[in-house]
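S.K.: Got a file for you: data24.txt, compact mmCIF, C-alpha atoms and all ligand atoms.
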```
# COMPACT_ATOMS: atom_id res chain seq x y z
CA MET A 1 67.72 -6.42 67.97
CA LEU A 2 64.63 -7.08 65.97
CA THR A 3 64.99 -7.80 62.31
CA ARG A 4 63.01 -5.80 59.79
CA ARG A 5 60.78 -8.77 59.16
CA ASN A 6 60.06 -9.16 62.86
CA LEU A 7 59.45 -5.46 63.12
CA LEU A 8 56.90 -5.59 60.36
CA ARG A 9 55.19 -8.55 62.01
CA ALA A 10 55.13 -6.76 65.35
CA PHE A 11 53.62 -3.70 63.77
CA ALA A 12 51.03 -5.70 61.90
CA MET A 13 49.97 -7.32 65.15
CA ALA A 14 49.83 -4.03 67.00
CA PRO A 15 46.33 -3.35 68.15
CA VAL A 16 44.99 -0.67 65.94
CA VAL A 17 43.80 2.16 68.04
CA GLY A 18 40.87 0.88 69.99
CA ALA A 19 37.22 0.80 69.47
CA LEU A 20 35.72 4.15 68.92
CA GLY A 21 32.53 5.63 70.07
CA PRO A 22 30.91 8.61 71.61
CA LEU A 23 32.64 11.57 73.10
CA GLY A 24 34.76 11.21 76.16
CA THR A 25 33.38 11.40 79.63
CA ARG A 26 36.32 13.25 81.14
CA ALA A 27 35.25 16.59 79.76
CA LEU A 28 32.31 18.50 78.42
CA SER A 29 31.22 17.78 74.89
CA ALA A 30 33.25 19.16 72.04
CA THR A 31 30.28 21.31 71.04
CA SER A 32 30.35 22.99 74.42
CA TRP A 33 34.07 23.48 73.97
CA LYS A 34 33.19 25.48 70.87
CA ARG A 35 30.69 27.57 72.81
CA ALA A 36 33.24 28.13 75.55
CA PHE A 37 35.90 29.16 73.06
CA ASP A 38 33.63 31.49 71.09
CA SER A 39 32.57 33.15 74.31
CA ALA A 40 36.18 33.56 75.46
CA LEU A 41 37.22 34.90 72.06
CA ALA A 42 34.51 37.55 72.21
CA GLU A 43 36.08 38.78 75.46
CA ASN A 44 39.71 38.34 74.45
CA PRO A 45 40.61 38.87 70.78
CA ARG A 46 44.12 37.60 71.47
CA LEU A 47 42.66 34.10 71.28
CA LEU A 48 42.07 34.57 67.55
CA GLY A 49 45.10 32.45 66.70
CA TRP A 50 43.42 29.41 68.22
CA GLN A 51 40.21 29.84 66.26
CA GLY A 52 41.65 28.11 63.21
CA VAL A 53 41.00 28.35 59.51
CA THR A 54 37.84 27.37 57.70
CA GLU A 55 39.16 27.56 54.14
CA PRO A 56 41.62 24.95 52.80
CA ARG A 57 43.72 27.54 50.98
CA LEU A 58 45.08 30.97 51.88
CA ALA A 59 46.87 33.44 49.61
CA ALA A 60 48.25 36.93 50.17
CA PRO A 61 50.53 38.12 47.36
CA ASN A 62 51.88 41.20 49.13
CA LEU A 63 52.33 41.06 52.87
CA PRO A 64 53.05 44.36 54.61
CA VAL A 65 56.70 44.65 55.62
CA THR A 66 57.67 46.69 58.66
CA GLY A 67 61.26 47.88 58.57
CA ALA A 68 63.70 46.68 55.94
CA LEU A 69 64.48 43.15 54.82
CA PRO A 70 68.17 42.22 54.60
CA PRO A 71 69.46 42.88 51.08
CA GLY A 72 69.51 39.80 48.91
CA LEU A 73 67.13 37.82 51.10
CA THR A 74 65.31 35.49 48.72
CA GLY A 75 63.76 32.07 49.08
CA THR A 76 60.88 30.37 50.83
CA PHE A 77 60.25 29.86 54.52
CA TYR A 78 57.91 26.91 55.15
CA ARG A 79 55.89 26.40 58.29
CA ASN A 80 53.43 23.73 59.39
CA GLY A 81 51.02 23.36 62.28
CA PRO A 82 47.48 22.47 63.34
CA ALA A 83 45.19 24.91 61.56
CA ARG A 84 41.66 23.58 61.28
CA HIS A 85 40.25 22.96 64.73
CA GLU A 86 36.52 22.77 64.06
CA ARG A 87 34.12 21.12 61.70
CA ALA A 88 30.31 21.27 61.72
CA GLY A 89 30.23 22.88 65.17
CA HIS A 90 32.53 20.25 66.72
CA ARG A 91 35.74 21.64 68.20
CA TYR A 92 38.83 19.64 69.04
CA ARG A 93 39.89 19.50 72.67
CA HIS A 94 43.63 19.78 72.21
CA TRP A 95 45.87 22.19 70.30
CA PHE A 96 47.68 19.24 68.67
CA ASP A 97 44.53 17.84 67.05
CA GLY A 98 43.80 20.15 64.13
CA ASP A 99 44.45 19.35 60.48
CA GLY A 100 47.89 20.51 59.38
CA MET A 101 48.36 23.46 57.04
CA VAL A 102 51.59 24.12 55.17
CA GLN A 103 52.41 27.79 54.92
CA ALA A 104 54.98 29.28 52.54
CA PHE A 105 56.39 32.76 53.01
CA ARG A 106 58.22 33.69 49.81
CA PHE A 107 60.83 36.46 49.86
CA ASP A 108 61.69 38.06 46.52
CA GLU A 109 63.38 41.43 46.06
CA GLY A 110 61.71 43.01 49.05
CA ASN A 111 58.28 41.49 48.39
CA VAL A 112 56.89 38.88 50.75
CA SER A 113 53.96 36.67 49.76
CA HIS A 114 52.07 34.09 51.77
CA GLN A 115 50.42 30.86 50.70
CA GLY A 116 48.70 28.31 52.90
CA ARG A 117 47.19 24.94 52.05
CA ILE A 118 45.66 22.26 54.19
CA ILE A 119 47.49 18.94 53.95
CA GLU A 120 45.17 16.45 52.31
CA THR A 121 45.66 13.50 54.63
CA ALA A 122 43.38 10.48 54.45
CA LYS A 123 41.71 11.71 57.65
CA TYR A 124 41.13 15.19 56.29
CA MET A 125 39.72 13.91 53.00
CA ALA A 126 37.40 11.41 54.69
CA GLU A 127 36.07 14.06 57.05
CA GLU A 128 35.77 16.54 54.21
CA ARG A 129 33.55 14.02 52.41
CA ALA A 130 31.54 13.35 55.57
CA GLY A 131 31.22 17.04 56.40
CA ARG A 132 32.07 16.40 60.04
CA HIS A 133 34.70 15.00 62.37
CA ARG A 134 34.67 11.23 62.53
CA PHE A 135 38.08 9.92 63.49
CA PRO A 136 39.69 10.47 66.86
CA ALA A 137 42.58 12.87 67.16
CA PHE A 138 45.49 13.00 69.60
CA GLY A 139 43.49 14.54 72.45
CA THR A 140 39.91 14.05 71.27
CA THR A 141 37.92 10.86 70.97
CA GLY A 142 36.20 9.87 67.72
CA ARG A 143 32.60 10.24 66.67
CA ASP A 144 31.11 7.18 65.02
CA SER A 145 34.48 6.36 63.51
CA PRO A 146 34.88 3.51 61.04
CA PRO A 147 37.29 0.74 62.07
CA LEU A 148 40.88 1.97 62.00
CA ARG A 149 43.46 0.22 59.86
CA GLY A 150 46.51 1.87 61.41
CA PRO A 151 47.97 5.09 62.79
CA ASP A 152 47.84 6.85 59.42
CA ASP A 153 44.03 6.87 59.65
CA LEU A 154 44.58 9.45 62.43
CA ASN A 155 47.51 11.24 60.80
CA THR A 156 47.00 15.01 60.65
CA ALA A 157 50.54 15.74 59.38
CA ASN A 158 50.55 18.83 61.55
CA ILE A 159 53.77 18.98 63.56
CA ASN A 160 56.75 19.92 61.45
CA ILE A 161 58.08 20.28 57.91
CA CYS A 162 61.50 19.53 56.50
CA HIS A 163 63.22 19.67 53.15
CA HIS A 164 65.52 16.74 52.54
CA GLY A 165 66.80 14.80 49.57
CA GLY A 166 64.87 17.02 47.17
CA GLU A 167 61.56 16.40 48.91
CA LEU A 168 59.43 18.62 51.11
CA LEU A 169 57.98 16.46 53.90
CA THR A 170 55.35 17.32 56.48
CA LEU A 171 55.81 15.35 59.66
CA TRP A 172 53.61 13.89 62.35
CA GLU A 173 54.65 11.86 65.36
CA GLY A 174 52.64 8.67 65.14
CA GLY A 175 52.61 7.87 61.43
CA SER A 176 54.01 8.50 57.96
CA ALA A 177 55.48 11.70 56.59
CA HIS A 178 53.53 13.32 53.72
CA ARG A 179 55.19 14.56 50.53
CA ILE A 180 54.32 18.10 49.50
CA GLU A 181 54.85 19.81 46.13
CA ALA A 182 57.04 22.81 46.99
CA SER A 183 55.48 25.44 44.71
CA THR A 184 51.76 24.58 44.80
CA LEU A 185 51.81 22.99 48.29
CA GLU A 186 49.75 20.15 46.86
CA THR A 187 49.77 16.96 48.92
CA LEU A 188 51.48 14.24 46.84
CA GLY A 189 50.90 11.34 49.22
CA ARG A 190 52.45 9.49 52.12
CA LYS A 191 56.18 8.86 52.10
CA THR A 192 57.31 5.24 52.09
CA TRP A 193 60.98 4.72 52.95
CA SER A 194 60.80 0.99 52.21
CA GLU A 195 57.92 -1.42 51.73
CA ASP A 196 58.45 -3.09 55.08
CA LEU A 197 58.36 0.28 56.87
CA LYS A 198 55.14 1.38 55.20
CA GLY A 199 52.90 3.18 57.70
CA ILE A 200 55.39 3.00 60.56
CA ALA A 201 55.88 6.18 62.54
CA PHE A 202 58.45 8.67 61.28
CA SER A 203 58.77 11.27 63.98
CA ALA A 204 58.59 15.05 63.62
CA HIS A 205 62.08 16.21 64.55
CA PRO A 206 64.58 14.36 62.36
CA LYS A 207 68.18 15.48 62.68
CA ALA A 208 70.18 16.40 59.58
CA GLU A 209 73.93 16.33 60.08
CA PRO A 210 76.20 18.87 58.36
CA ASP A 211 76.78 16.46 55.45
CA GLY A 212 73.02 16.03 54.94
CA THR A 213 72.76 12.58 56.53
CA LEU A 214 69.35 12.29 58.20
CA TRP A 215 68.57 10.38 61.39
CA ASN A 216 65.12 9.86 62.84
CA PHE A 217 63.04 7.55 64.96
CA GLY A 218 59.46 6.36 65.07
CA ASN A 219 57.62 5.53 68.25
CA VAL A 220 55.51 2.36 67.86
CA VAL A 221 54.17 2.87 71.33
CA SER A 222 51.61 0.08 71.23
CA ARG A 223 54.41 -2.46 70.75
CA GLY A 224 57.03 -0.78 72.92
CA LEU A 225 59.41 -0.20 70.03
CA LEU A 226 61.58 2.72 69.00
CA VAL A 227 62.20 2.34 65.27
CA LEU A 228 65.39 4.01 64.00
CA TYR A 229 65.95 5.48 60.55
CA HIS A 230 69.21 6.30 58.77
CA ILE A 231 68.77 8.16 55.47
CA ALA A 232 71.45 9.44 53.10
CA SER A 233 71.74 13.09 52.10
CA ASN A 234 70.18 12.30 48.71
CA GLY A 235 67.08 10.91 50.42
CA ARG A 236 67.98 7.29 49.85
CA PHE A 237 67.00 4.97 52.69
CA ARG A 238 70.07 3.35 54.29
CA LYS A 239 69.07 1.25 57.27
CA THR A 240 66.59 0.77 60.07
CA GLY A 241 66.37 -1.05 63.36
CA ALA A 242 64.05 -1.34 66.30
CA VAL A 243 64.86 -1.03 69.98
CA PRO A 244 62.43 -2.58 72.48
CA VAL A 245 61.71 -0.15 75.31
CA GLU A 246 59.79 -1.05 78.44
CA HIS A 247 57.28 1.54 79.68
CA LEU A 248 57.41 3.49 76.43
CA GLY A 249 55.38 6.69 76.17
CA MET A 250 55.72 10.16 74.74
CA VAL A 251 59.03 10.75 72.93
CA HIS A 252 58.86 13.89 70.82
CA ASP A 253 62.43 14.78 69.91
CA PHE A 254 66.00 13.51 70.22
CA VAL A 255 69.60 14.49 69.54
CA VAL A 256 72.58 13.01 67.75
CA THR A 257 76.33 13.14 68.31
CA ALA A 258 79.00 12.14 65.84
CA ARG A 259 78.67 8.51 66.99
CA HIS A 260 75.41 8.14 68.91
CA LEU A 261 71.66 8.76 68.99
CA VAL A 262 70.35 10.05 72.33
CA PHE A 263 66.74 9.65 73.50
CA VAL A 264 65.22 11.08 76.67
CA LEU A 265 62.24 9.02 77.81
CA PRO A 266 59.99 10.91 80.26
CA PRO A 267 57.79 8.79 82.54
CA LEU A 268 54.60 9.66 80.66
CA VAL A 269 53.80 6.04 79.85
CA TYR A 270 51.24 4.71 77.40
CA ASP A 271 48.65 2.43 79.01
CA GLU A 272 47.17 0.32 76.25
CA THR A 273 44.35 -0.88 78.49
CA ALA A 274 43.13 2.68 79.04
CA PHE A 275 42.61 3.52 75.38
CA GLY A 276 39.09 3.12 74.11
CA PRO A 277 35.86 4.74 73.03
CA ASN A 278 35.79 7.24 75.85
CA VAL A 279 39.49 7.85 76.36
CA SER A 280 41.69 9.71 73.89
CA PHE A 281 45.21 8.64 73.00
CA LEU A 282 46.60 11.44 75.17
CA ASP A 283 44.48 10.42 78.13
CA SER A 284 45.76 6.87 77.74
CA HIS A 285 49.09 8.03 79.12
CA VAL A 286 49.92 7.82 82.81
CA TRP A 287 52.45 9.97 84.68
CA ARG A 288 54.71 7.53 86.53
CA PRO A 289 57.49 9.53 88.22
CA GLU A 290 58.71 6.45 90.08
CA LEU A 291 60.20 5.29 86.78
CA ASP A 292 62.43 8.42 86.59
CA THR A 293 63.37 9.89 83.24
CA ARG A 294 65.46 7.38 81.34
CA VAL A 295 68.07 8.29 78.75
CA LEU A 296 68.88 5.81 76.00
CA VAL A 297 72.10 6.07 73.97
CA VAL A 298 72.34 3.99 70.78
CA ALA A 299 75.47 3.66 68.64
CA LYS A 300 74.89 4.80 65.07
CA ASP A 301 76.99 2.01 63.58
CA ASP A 302 75.49 -0.76 65.70
CA PHE A 303 71.95 -0.33 66.97
CA SER A 304 72.46 -3.22 69.38
CA ASP A 305 75.12 -1.20 71.24
CA ARG A 306 73.04 0.69 73.84
CA ARG A 307 73.59 2.41 77.16
CA TRP A 308 71.02 3.59 79.70
CA TYR A 309 71.12 6.50 82.14
CA ARG A 310 68.65 7.96 84.63
CA LEU A 311 67.61 11.53 85.41
CA PRO A 312 65.04 12.80 87.93
CA ALA A 313 61.50 12.45 86.60
CA GLY A 314 60.61 15.28 84.24
CA PHE A 315 59.12 16.03 80.85
CA ALA A 316 60.70 17.23 77.61
CA PHE A 317 59.49 18.32 74.22
CA HIS A 318 62.51 19.78 72.43
CA PHE A 319 66.27 19.47 72.32
CA GLY A 320 69.03 21.81 71.19
CA ASN A 321 72.04 19.73 70.29
CA ALA A 322 74.54 17.15 71.51
CA TRP A 323 78.25 16.45 71.16
CA GLU A 324 80.75 13.92 72.37
CA ASP A 325 84.11 14.75 73.93
CA PRO A 326 87.31 12.70 73.41
CA THR A 327 86.75 10.77 76.66
CA GLY A 328 83.38 9.52 75.42
CA ASN A 329 81.24 11.78 77.59
CA ILE A 330 78.11 13.00 75.83
CA HIS A 331 76.84 16.54 76.40
CA PHE A 332 73.41 17.73 75.32
CA ASP A 333 70.83 20.35 76.14
CA TYR A 334 67.07 20.45 76.15
CA CYS A 335 64.11 22.27 77.66
CA ALA A 336 63.07 20.56 80.89
CA ALA A 337 59.73 20.63 82.67
CA PRO A 338 59.04 19.03 86.05
CA ASP A 339 55.98 17.21 84.71
CA ALA A 340 53.69 16.99 81.67
CA THR A 341 51.02 19.49 82.67
CA VAL A 342 51.89 21.73 79.74
CA LEU A 343 50.77 18.87 77.48
CA THR A 344 47.87 17.55 79.51
CA GLU A 345 46.46 20.87 80.74
CA THR A 346 47.87 24.03 79.16
CA LEU A 347 47.75 22.94 75.52
CA ARG A 348 44.35 21.32 76.05
CA TYR A 349 42.37 24.04 77.76
CA VAL A 350 43.59 26.81 75.48
CA MET A 351 41.13 25.24 73.00
CA ARG A 352 38.38 26.39 75.37
CA GLY A 353 39.99 29.82 75.56
CA GLU A 354 41.31 29.09 79.05
CA PHE A 355 44.91 29.65 80.05
CA ARG A 356 46.07 27.14 82.61
CA PRO A 357 49.82 27.60 82.94
CA PRO A 358 52.00 24.62 83.79
CA THR A 359 53.18 24.09 87.33
CA GLU A 360 56.54 25.56 86.38
CA PRO A 361 57.89 27.00 83.13
CA THR A 362 60.06 24.88 80.89
CA ARG A 363 63.71 25.68 81.59
CA PHE A 364 66.91 25.40 79.60
CA ALA A 365 68.90 22.42 80.88
CA GLN A 366 72.30 20.90 80.14
CA VAL A 367 73.14 17.25 80.69
CA THR A 368 76.41 15.33 80.70
CA LEU A 369 76.30 11.54 80.26
CA ASN A 370 79.59 10.30 81.60
CA ALA A 371 81.19 7.30 80.00
CA SER A 372 81.37 5.86 83.53
CA GLY A 373 77.56 5.63 83.65
CA ASP A 374 76.57 8.71 85.64
CA ALA A 375 74.27 11.43 84.33
CA VAL A 376 74.60 15.00 85.57
CA GLN A 377 71.88 17.54 84.87
CA ASP A 378 72.02 21.33 85.35
CA ILE A 379 68.65 23.03 85.00
CA SER A 380 69.06 26.79 84.58
CA SER A 381 66.69 29.54 85.70
CA VAL A 382 66.07 30.52 82.07
CA SER A 383 62.58 29.79 80.82
CA ALA A 384 62.97 28.50 77.26
CA GLU A 385 61.47 26.36 74.48
CA PHE A 386 62.13 25.48 70.84
CA PRO A 387 65.94 25.46 71.11
CA ARG A 388 67.87 25.37 67.84
CA VAL A 389 71.49 25.42 66.74
CA ALA A 390 73.07 26.30 63.40
CA PRO A 391 72.76 23.39 60.94
CA ALA A 392 76.55 23.31 60.54
CA VAL A 393 77.05 22.16 64.15
CA VAL A 394 74.33 19.52 64.52
CA GLY A 395 75.92 16.62 66.40
CA ARG A 396 79.17 18.58 66.85
CA ARG A 397 80.59 20.82 69.55
CA TYR A 398 78.78 24.17 69.57
CA ARG A 399 78.86 27.51 71.30
CA GLN A 400 75.33 28.87 71.05
CA VAL A 401 71.74 27.69 71.26
CA TYR A 402 68.85 29.91 70.21
CA ALA A 403 65.50 29.52 71.94
CA LEU A 404 62.26 31.32 72.61
CA THR A 405 61.82 32.69 76.07
CA GLY A 406 58.95 34.47 77.77
CA VAL A 407 59.52 37.88 79.28
CA ALA A 408 57.05 39.19 81.82
CA ALA A 409 55.78 42.59 80.77
CA PRO A 410 55.74 45.47 83.26
CA ARG A 411 52.47 45.64 85.16
CA THR A 412 51.82 49.16 83.92
CA ARG A 413 51.49 47.86 80.38
CA PRO A 414 48.06 46.46 79.49
CA THR A 415 49.44 43.95 76.98
CA ALA A 416 51.01 41.56 79.46
CA GLY A 417 52.55 38.32 78.31
CA SER A 418 54.56 39.59 75.39
CA SER A 419 57.45 37.45 74.30
CA ALA A 420 60.87 38.20 72.95
CA ARG A 421 63.72 36.34 71.30
CA ARG A 422 66.92 35.94 73.22
CA SER A 423 70.03 33.97 72.47
CA ILE A 424 71.22 31.52 75.07
CA SER A 425 74.75 30.25 75.34
CA GLY A 426 75.04 26.50 75.12
CA ASN A 427 77.93 24.21 75.81
CA GLY A 428 81.28 25.81 75.13
FE FE B 501 58.00 19.75 68.30
```
Can the structure in the file be given as structure tokens, please?
Ligand SMILES: [Fe+2]
M.R.:
Amino acid sequence: MLTRRNLLRAFAMAPVVGALGPLGTRALSATSWKRAFDSALAENPRLLGWQGVTEPRLAAPNLPVTGALPPGLTGTFYRNGPARHERAGHRYRHWFDGDGMVQAFRFDEGNVSHQGRIIETAKYMAEERAGRHRFPAFGTTGRDSPPLRGPDDLNTANINICHHGGELLTLWEGGSAHRIEASTLETLGRKTWSEDLKGIAFSAHPKAEPDGTLWNFGNVVSRGLLVLYHIASNGRFRKTGAVPVEHLGMVHDFVVTARHLVFVLPPLVYDETAFGPNVSFLDSHVWRPELDTRVLVVAKDDFSDRRWYRLPAGFAFHFGNAWEDPTGNIHFDYCAAPDATVLTETLRYVMRGEFRPPTEPTRFAQVTLNASGDAVQDISSVSAEFPRVAPAVVGRRYRQVYALTGVAAPRTRPTAGSSARRSISGNG
């Protein structure tokens, strides 16, 4: 187990994302991506959602309501995601690259209003001043970027948003959370949990237990470290630790049980030597199925108490939930893909207006990690993503998982590809 001091030293020594230069050679220029997208959009207006915003603020005081809202429904529903994909004719080459925008849908006595505001990250503000893209993004190389001081120079704060300990936090995967003022959506600055964790990744899918306790991790991929966070319900930082992981790569989400943290590590491995002026951070990852998918279990009360399991090679973005039975077996579910093409192809080329579906859809899967050391996985036929459970059962035994699933439309209908919500039964 690394100490916090050692962790800080390791992070400080981590090579800041490599030298930056002209556009990548793997694809056409970002300007031609804009031309390709504009041309596709003219033919297919359903691509409008990928065009992105040009204004930093949106406001609609009275949204049209179809049907009837449940009586007494009041409050605010916050969303976050990449929203600004272009600047000065330059278009990003991955859906995950755009500047984040917080959106607030406020429900009040039958009225619904909408407010959106771009998150004023250091990257956004620097590029706003420059009037053009400069820094690299997750899937796009930089353009005449200044030297980078750390991951937060690339932070677009565009993945998720959570409310915890009285703070509204927008989340990214490779760097700090950003604090947001809940009513104005003003960006208040980067969140620092403790001075020695300043700037270290705080991932985008923290898990809040029923009592409000928050667990999270940060992936310091360049040093092969998973940093763990334990935060009290009032937002007070409790403890951290770092787990060295060989062949570390993309880790987007995780699950917790009453006693353990569970990480699934797909074999999409970061290759530090690949990253450079012509290769984006995403393209610096290598698919290595011979490594299998590894599962790491860490005890909450002792981060040095770890167990490893193996599953067939596959890729995962999101998890539903996990629980632990009296014999010590851990059960969890997630959405499993056979490989990472959804990340490396589908979510990239949609920015050109092209739909390149993954080799197979992501499917709802259930896993049991036996205390004896075996892992058993059951991948269902149900295509699913974004699984969620009720907050009251996070880390506890549960009966239902809710997920999005795609439903093929009848061929006679011209609007193919519609989607629907469907509930999916989870572990009993
Ligand atoms: Fe996610």
S.K.: If we count all atoms listed in the file and set the cut-off at 6 Å, which residues sit around stretch 57-63 of chain A, ignoring sequence neighbours fewer than 2 positions away in its own chain? Please answer as a ChimeraX atom specification.
M.R.: /A:55,112-117
S.K.: Using all atoms listed in the file, which protein or nucleic acid residues are at most 8 Å from ligand FE 501 (chain B), as a list in words?
M.R.: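 If we count all atoms listed in the file, the neighbours of ligand FE 501 (chain B) turn out to be Ile159, Asn160, Ala204, His205, His252, Asp253, Phe317, His318 and Phe386 of chain A.
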S.K.: As an exercise, work out the distance from atom CA of A:Arg294 to atom CA of A:Phe263 in Å and give it to one decimal place.
M.R.: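 Calculated distance between atom CA of A:Arg294 and atom CA of A:Phe263 is 8.3 Å.
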S.K.: Using all atoms listed in the file, which of A:Leu48, A:Leu225, A:Val407, A:Val297 sits nearest A:Asn370?
M.R.: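 Result for the nearest residue to A:Asn370: A:Val297.
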S.K.: Per residue of stretch 171-258 of chain A within 9 Å of stretch 89-110 of chain A, what are the shortest atom pair and its distance in Å to one decimal, counting only C-alpha atoms, with rows by chain and residue number, as CSV?
M.R.:
```
residue,atom,partner,partner_atom,distance
A:Ile180,CA,A:Val102,CA,8.7
A:Ala182,CA,A:Ala104,CA,8.8
A:Ser183,CA,A:Ala104,CA,8.7
A:Leu185,CA,A:Val102,CA,7.0
```
S.K.: List the neighbours of A:Glu345 out to 12 Å using all atoms listed in the file; skip same-chain residues closer than 3 positions along the sequence, and give me the result as a ChimeraX atom specification.
M.R.: /A:93-95,139,282-283,339-342,348-352,354-359
S.K.: For A:Pro206, which residue among A:Val53, A:Phe237, A:His164, A:Lys191 is the nearest when counting only C-alpha atoms?
M.R.: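 Looking at the shortest contact to A:Pro206, the residue is A:His164.
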S.K.: Report as a compact mmCIF listing (two decimals) with C-alpha atoms, keeping the file's coordinate frame all protein, DNA and RNA residues lying within 7 Å of stretch 366-368 of chain A, evaluated on all atoms listed in the file, omitting residues in the same chain fewer than 4 positions from it.
M.R.:
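Below is the file part-v5.txt, written as the result:
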```
# COMPACT_ATOMS: atom_id res chain seq x y z
CA ASN A 329 81.24 11.78 77.59
CA ILE A 330 78.11 13.00 75.83
CA HIS A 331 76.84 16.54 76.40
CA PHE A 332 73.41 17.73 75.32
CA ASP A 333 70.83 20.35 76.14
CA TYR A 334 67.07 20.45 76.15
CA ALA A 375 74.27 11.43 84.33
CA VAL A 376 74.60 15.00 85.57
CA GLN A 377 71.88 17.54 84.87
CA ASP A 378 72.02 21.33 85.35
CA ILE A 379 68.65 23.03 85.00
```
S.K.: I'd like to know which of A:Pro147, A:Pro56, A:Gly373, A:Gly235 is closest to A:Gly212, using only C-alpha atoms.
M.R.: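 The answer is A:Gly235, which sits nearest to A:Gly212.
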S.K.: Could you tell me how far atom CA of A:Arg87 lies from atom CA of A:Gln51, in Å and to one decimal?
M.R.: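 One can read the atom CA of A:Arg87 to atom CA of A:Gln51 distance as 11.6 Å.
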S.K.: Which value, in Å to one decimal, gives the distance between atom CA of A:Val393 and atom CA of A:Trp323?
M.R.: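 For atom CA of A:Val393 relative to atom CA of A:Trp323, the distance reads 9.1 Å.
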S.K.: Of the candidates A:Phe319, A:Phe217, A:Tyr78, A:Tyr229, which shows the shortest atom-to-atom distance to A:Val401, using all atoms listed in the file?
M.R.: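 For A:Val401, the nearest of the given residues is A:Phe319.
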S.K.: Within 12 Å of (74.9, -0.6, 59.9), all atoms listed in the file: residues as a list of chain:residue names?
M.R.: A:Leu228, A:Tyr229, A:His230, A:Ile231, A:Arg238, A:Lys239, A:Thr240, A:Gly241, A:Ala299, A:Lys300, A:Asp301, A:Asp302, A:Phe303, A:Ser304, A:Asp305
S.K.: Excluding same-chain residues fewer than 2 positions from A:Arg179, what lies within 7 Å of it counting all atoms listed in the file, as JSON, numbers by chain?
M.R.: {"A": [167, 168, 169, 170, 177, 181, 187, 188, 189, 190, 191]}
S.K.: Return stretch 395-399 of chain A, completed with all heavy atoms, as a compact mmCIF listing (two decimals), in the frame of the given file.
M.R.:
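Contents of selection29.txt, freshly written:
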```
# COMPACT_ATOMS: atom_id res chain seq x y z
N GLY A 395 75.14 17.80 66.02
CA GLY A 395 75.92 16.62 66.40
C GLY A 395 77.39 16.90 66.68
O GLY A 395 78.16 15.99 66.93
N ARG A 396 77.78 18.19 66.62
CA ARG A 396 79.17 18.58 66.85
C ARG A 396 79.23 19.58 68.00
O ARG A 396 78.22 20.14 68.41
CB ARG A 396 79.75 19.23 65.58
CG ARG A 396 79.55 18.42 64.31
CD ARG A 396 80.34 17.10 64.35
NE ARG A 396 80.24 16.37 63.09
CZ ARG A 396 79.35 15.41 62.84
NH1 ARG A 396 78.44 15.09 63.75
NH2 ARG A 396 79.35 14.78 61.67
N ARG A 397 80.44 19.84 68.47
CA ARG A 397 80.59 20.82 69.55
C ARG A 397 80.08 22.18 69.08
O ARG A 397 80.29 22.56 67.92
CB ARG A 397 82.06 20.92 69.97
CG ARG A 397 82.20 21.68 71.27
CD ARG A 397 83.57 21.50 71.88
NE ARG A 397 83.61 22.10 73.21
CZ ARG A 397 84.64 22.05 74.02
NH1 ARG A 397 85.75 21.44 73.63
NH2 ARG A 397 84.58 22.61 75.22
N TYR A 398 79.46 22.93 69.97
CA TYR A 398 78.78 24.17 69.57
C TYR A 398 78.90 25.19 70.70
O TYR A 398 79.18 24.85 71.85
CB TYR A 398 77.31 23.89 69.24
CG TYR A 398 76.54 23.19 70.34
CD1 TYR A 398 75.60 23.87 71.12
CD2 TYR A 398 76.77 21.84 70.64
CE1 TYR A 398 74.91 23.22 72.13
CE2 TYR A 398 76.10 21.20 71.66
CZ TYR A 398 75.17 21.88 72.40
OH TYR A 398 74.51 21.25 73.42
N ARG A 399 78.70 26.43 70.34
CA ARG A 399 78.86 27.51 71.30
C ARG A 399 77.54 28.17 71.65
O ARG A 399 77.43 28.79 72.71
CB ARG A 399 79.83 28.56 70.74
CG ARG A 399 81.25 28.04 70.56
CD ARG A 399 82.18 29.13 70.04
NE ARG A 399 82.21 30.28 70.94
CZ ARG A 399 81.78 31.50 70.60
NH1 ARG A 399 81.32 31.72 69.39
NH2 ARG A 399 81.84 32.50 71.46
```
